[in-house]
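> My questions will all concern the structure given below.
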Protein chains: 2
Amino acid sequence: MSGTTSVGQASPELLLELRPDTTLGRGVEDALRAAVRARRVTAGTRLPSTRVLARDLGVSRRLVVEAYEQLVAEGWLEARQGSGTFVAQAAPADAPGDAVDGGLPPEPERAPYDFFPGEPDLSSFPREAWLRALRDVLREAPDAVLGYPDPAGRPELRAALSAHLRRVRGAQAEPGRVIVVSGARQGLALLGRALARAGHERVAVERPSLPQHVDVLREAGLDVVGVQVDDEGLSVDDLARSGADVIVATPTHQMPLGVALSPVRRAELLTWATALDDRLIVEDDYDAEYRYDRRPVGALQGVAPAQVAYLGSASKTLAPGLRLGWLLLPERLVADVRRQKELDDGGSEVLGQLALARLLESAAYDRHLRRARRANRRRRDALVAALAEQLPGARLDGLAAGLHAIVRLPASVDIAALGAATAARGVAATPLPGAEGRSDALILGYARLSEPAIAEGVRRLAAAVADAA
Amino acid sequence: MSGTTSVGQASPELLLELRPDTTLGRGVEDALRAAVRARRVTAGTRLPSTRVLARDLGVSRRLVVEAYEQLVAEGWLEARQGSGTFVAQAAPADAPGDAVDGGLPPEPERAPYDFFPGEPDLSSFPREAWLRALRDVLREAPDAVLGYPDPAGRPELRAALSAHLRRVRGAQAEPGRVIVVSGARQGLALLGRALARAGHERVAVERPSLPQHVDVLREAGLDVVGVQVDDEGLSVDDLARSGADVIVATPTHQMPLGVALSPVRRAELLTWATALDDRLIVEDDYDAEYRYDRRPVGALQGVAPAQVAYLGSASKTLAPGLRLGWLLLPERLVADVRRQKELDDGGSEVLGQLALARLLESAAYDRHLRRARRANRRRRDALVAALAEQLPGARLDGLAAGLHAIVRLPASVDIAALGAATAARGVAATPLPGAEGRSDALILGYARLSEPAIAEGVRRLAAAVADAA
């Protein structure tokens, strides 16, 4: 049998179901015809060698050779000297071609000047460093790493994240309280489910905040209420009135308003959280890596690790497509959230986890962060300069940090009407949700655009505003 | 400012929070001391260059130079000529060292002869081919691929899976009805949630079946009932009596019993499913790639695509650690399941998706499958031979396909007592759940062991059985 090995290795897989009620010769022919007709194999597909197919079906090779010859003669198949037998271009089929390829929506097209706030500069993703890390992982990791993972994540990554969060965010971290998740969204989903199972009913979010977070929390079975945000960040008085015992907050850089929680409010929030045992702050530290001209502030988690569930991800520092996020939890929540991860997907993909661990352990991650911060500071400056020149009536907020700014437009501008005018000029900008559904501001993400594109985008935005005013 | 760029690139990130109420010189010193004390930076950690830290903090470089000098003099830091300033080995700390590194359980140790049934041979994972695919993806994919993904999966992979399932499993597939998930478990979790939201209440599973699946379905809010399995596979009469309108089934190779659903039962099951509009068969096709000496049977989905949700993964063909799975759904379920994926993690990691698409499009995946099938057939033969020699009183089931077999032991053997005896001999084997909690059989997975290890493991198992009889 080993003599057939080299041939077998090159043969594609093909399922043929032989009908028991025909002679074997006709059976192979019929099954092949049926496979082509039903477009199980499409024009240009290579078939297995006669030797391999005969072995797969448990029939003599002669039967398969004769079936191939007959179908070549009939025009269903095509023999190409030296490279095998293929389904012919002209082979008949029951189903129209588009049914087989169909059903996929076209990939969404983006506006040339798209100020979408959620994404970093994908063109600066360190592809070479990531590939090197993956190569080292694939060369060095023991086989057991490829088995069913620990739902909480690879120990290497949990340790590297713990050290990183201590050093860079002032967190009180240890590897055993870190859980690796597939992006911050999954972190919130798992935490939400764990809290709901533990009897929590009402969760507060900042108003405004990411609408996706509200959906994720509701899906977990929680009641979601909004809490006001002003120039000092979220209102702790309003939180206390809300009846919620959990708040999802963005203290470092409010999403989307861009304000930092003031020292007074930080103290109030911690007092609120420690007043009752089951209160919890979910600290969504989504873009803390990007601060420009203010002193860094450590994570709330570093001050009150028993009251804060810290949520971070590589989506704003590396790329959202990696789906790498992490939770740093109070001890009492670790087992419940790990169990939710186990019940959800059994644990995250391991190669990306190990690659990120290597980037964190080496200088590569910090180096990338510093480079990205410098580039985004330049983009922010370009945005500020362009707006000062093109839209002098607008007021800017949230500039000291992050990857987006808030542009408040003169009251005369109807933002609801602005959408069509900006779209016509190739500009996409998200309205900031305002009171009673009215909006008087735009959220402009600047990380995805080059400095010249930012200037041109603002020029076009100003033209649209002039039309809509 | 650009003159500092090359220095800044090499500097690690470090958060220092300056207290507003001290003079700046003391402030930097105190903040550094506090960071070392709190083990935010641990012994051997390199600090940022004085130039970079001064810029990060917005203070003069002289202040940072003086602070570093003072702390070196006090023994907190260590200056190494030409390579920078480091936290000293002897630096004092508030927290004991193990609190920072701690909390991680040791990685579980496996028995040398572990017949765990769920895993393929991880040593044959095609590391080189996978790395080549990742390299090609990272070199060629446009930047947009790295952004927030389509929750349903990358179009390349959905198309490649669709073609593969048509050709190899006889499925009626099109890319628009394929949803990429993080392993089969997440596929079942998302489907379960979507079904629960759509008003389904009761789901049947085969008895016995994977206990994890029961947990996942219950977590989705569904009532789970068991349906009997005999030599012809699941009992459709029992299913009809159960009151469930959804069944999770393993028709190709029952997990764990190893029987194939008989042609009569397949017909009965399809009749059951088509009798009412909202009935659904979840076809868990977990190890269909491995069949040895029986004719291949196509997926049920190929016969009744509107009544079957097909579930597959790369966990048994490549490696569970990749967390790559897929659902092929009836049209009516696509939007709901996609929405559940969006609410759960926003979509799967993209690089692995694109690598798998490349393996499927090239001959690499099929070649790997053929090689793995040959190797596992040899392992199965080794298991059969060893059992015939060492445990002639045992009866074997489920041998024609898959990666495990059922070994029924003589009634005199107390399987509950066997565990300790096998463990003492370095053997791990899972008891098959039997009636009333009693078990008279073992599930032996053979894919993870070499042929000599299988023979030795069975020899040791036989010795344990002799003791327990």
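Convention: chains lettered A, B, ... in structure tokens order; per-chain residue numbering from 1; ligands numbered from 1 as shown.
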If we count only C-alpha atoms, what is near Arg207 (chain B) at a cut-off of 9 Å, once residues fewer than 5 positions away on the same chain are taken out, given as a list in words?
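Once the adjacent positions are removed, what remains is Val225, Gly226, Val227, Gln228, Val229, Leu234 and Pro433 of chain B.
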> Go ahead and write the selection's residues with all heavy atoms as a short mmCIF file (atom, residue, chain, number, x, y, z; two decimals), in the first residue's frame.

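Saved as part19.cif:
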```
data_model
loop_
_atom_site.label_atom_id
_atom_site.label_comp_id
_atom_site.auth_asym_id
_atom_site.auth_seq_id
_atom_site.Cartn_x
_atom_site.Cartn_y
_atom_site.Cartn_z
N VAL B 225 -33.33 17.64 26.25
CA VAL B 225 -33.77 16.27 26.54
C VAL B 225 -32.93 15.28 25.74
O VAL B 225 -32.44 15.60 24.67
CB VAL B 225 -35.27 16.06 26.21
CG1 VAL B 225 -36.14 16.89 27.14
CG2 VAL B 225 -35.55 16.42 24.76
N GLY B 226 -32.78 14.07 26.29
CA GLY B 226 -31.98 13.05 25.62
C GLY B 226 -32.83 12.11 24.79
O GLY B 226 -33.99 11.85 25.13
N VAL B 227 -32.28 11.61 23.70
CA VAL B 227 -32.97 10.68 22.81
C VAL B 227 -32.10 9.43 22.68
O VAL B 227 -30.88 9.53 22.52
CB VAL B 227 -33.20 11.34 21.42
CG1 VAL B 227 -33.53 10.29 20.37
CG2 VAL B 227 -34.27 12.40 21.51
N GLN B 228 -32.74 8.27 22.76
CA GLN B 228 -32.00 7.00 22.73
C GLN B 228 -31.23 6.78 21.43
O GLN B 228 -31.68 7.17 20.37
CB GLN B 228 -32.95 5.83 22.91
CG GLN B 228 -33.47 5.66 24.31
CD GLN B 228 -34.62 4.66 24.36
OE1 GLN B 228 -34.67 3.74 23.53
NE2 GLN B 228 -35.52 4.86 25.30
N VAL B 229 -30.10 6.09 21.57
CA VAL B 229 -29.30 5.69 20.41
C VAL B 229 -29.13 4.17 20.48
O VAL B 229 -28.84 3.63 21.55
CB VAL B 229 -27.91 6.36 20.45
CG1 VAL B 229 -27.04 5.87 19.31
CG2 VAL B 229 -28.06 7.88 20.41
N LEU B 234 -29.65 7.23 16.27
CA LEU B 234 -30.67 7.80 17.16
C LEU B 234 -32.06 7.27 16.80
O LEU B 234 -32.37 7.03 15.64
CB LEU B 234 -30.63 9.32 17.11
CG LEU B 234 -31.21 10.05 15.91
CD1 LEU B 234 -32.66 10.47 16.14
CD2 LEU B 234 -30.38 11.30 15.65
N PRO B 433 -20.61 6.78 29.40
CA PRO B 433 -21.74 6.85 30.33
C PRO B 433 -22.76 5.77 29.98
O PRO B 433 -23.10 5.59 28.81
CB PRO B 433 -22.33 8.25 30.09
CG PRO B 433 -21.32 8.99 29.27
CD PRO B 433 -20.49 7.97 28.55
#
```
> From the set A:Thr23, A:Thr317, A:Thr271, A:Thr45, which residue has the shortest atom-to-atom contact distance to Ala363 (chain B), counting only C-alpha atoms?
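Closest to Ala363 (chain B), using only C-alpha atoms: A:Thr45.
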> List as a VMD selection string the protein and nucleic acid residues near Val350 (chain A), meaning an atom at most 12 Å away when only C-alpha atoms are counted, but skip any in the same chain fewer than 4 places from it.
(chain A and resid 134 137 to 138 141 143 to 157 180 to 182 322 to 324 346 354 to 357) or (chain B and resid 182 319 to 324 349 352)
> May I have the residues within 12 Å of Pro117 (chain A) as a PDB file with C-alpha atoms, in the first residue's frame, using only C-alpha atoms and disregarding those fewer than 6 positions away in the same chain?

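Heads up, here's the output in around-v4.pdb:
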```pdb
ATOM      1  CA  LEU A 210     -21.242  53.113  22.235  1.00  0.00           C
ATOM      2  CA  MET A 255     -16.313  57.665  24.539  1.00  0.00           C
ATOM      3  CA  PRO A 256     -17.385  59.635  22.551  1.00  0.00           C
ATOM      4  CA  LEU A 257     -17.172  63.041  24.276  1.00  0.00           C
ATOM      5  CA  GLY A 258     -13.454  62.859  24.981  1.00  0.00           C
ATOM      6  CA  ASP A 287      -7.759  54.202  23.865  1.00  0.00           C
ATOM      7  CA  LYS A 316      -6.860  50.527  18.818  1.00  0.00           C
ATOM      8  CA  GLY A 402      -7.551  59.375  21.839  1.00  0.00           C
ATOM      9  CA  LEU A 403      -8.181  58.947  18.150  1.00  0.00           C
ATOM     10  CA  HIS A 404     -11.163  61.217  17.646  1.00  0.00           C
ATOM     11  CA  ALA A 405     -12.416  64.721  18.425  1.00  0.00           C
ATOM     12  CA  ILE A 406     -15.829  66.282  18.872  1.00  0.00           C
ATOM     13  CA  ALA A 428     -18.329  60.299   6.181  1.00  0.00           C
ATOM     14  CA  ALA A 429     -18.756  61.725   9.688  1.00  0.00           C
ATOM     15  CA  THR A 430     -20.783  60.329  12.586  1.00  0.00           C
ATOM     16  CA  PRO A 431     -23.257  62.709  14.293  1.00  0.00           C
ATOM     17  CA  LEU A 432     -22.894  62.869  18.066  1.00  0.00           C
ATOM     18  CA  LEU A 442     -19.847  65.471  14.779  1.00  0.00           C
ATOM     19  CA  ILE A 443     -17.439  62.773  15.968  1.00  0.00           C
ATOM     20  CA  LEU A 444     -14.357  62.956  13.762  1.00  0.00           C
ATOM     21  CA  GLY A 445     -11.964  60.013  13.972  1.00  0.00           C
ATOM     22  CA  TYR A 446      -8.633  61.007  12.486  1.00  0.00           C
ATOM     23  CA  ALA A 447      -6.471  57.892  12.861  1.00  0.00           C
ATOM     24  CA  ARG A 448      -7.418  56.290   9.554  1.00  0.00           C
ATOM     25  CA  LEU A 449      -6.516  59.271   7.348  1.00  0.00           C
TER      26      LEU A 449
ATOM     27  CA  TYR B 148     -13.468  45.392  12.240  1.00  0.00           C
TER      28      TYR B 148
END
```
> For Ala160 (chain B), which residue out of B:Ala111, B:Leu360, B:Leu300, B:Leu391 is the nearest one, using only C-alpha atoms?
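Among the listed residues, the smallest separation from Ala160 (chain B) belongs to B:Leu360.
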> Rounded to one decimal, what separation in Å do you get between CA of Gln390 (chain B) and CA of Val407 (chain B)?
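So the answer is 12.4 Å.
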> Could you name the residues that touch Asp278 (chain A) at 7 Å or less, counting only C-alpha atoms, but leaving out those on the same chain fewer than 2 positions away, as number ranges by chain?
A: 245, 276, 280
> At a cut-off of 6 Å, using only C-alpha atoms, what residues contact region 259-269 of chain B? Leave out same-chain residues fewer than 5 positions from it and give the result as a PyMOL selection string.
chain B and resi 232-233+236+251-254+398
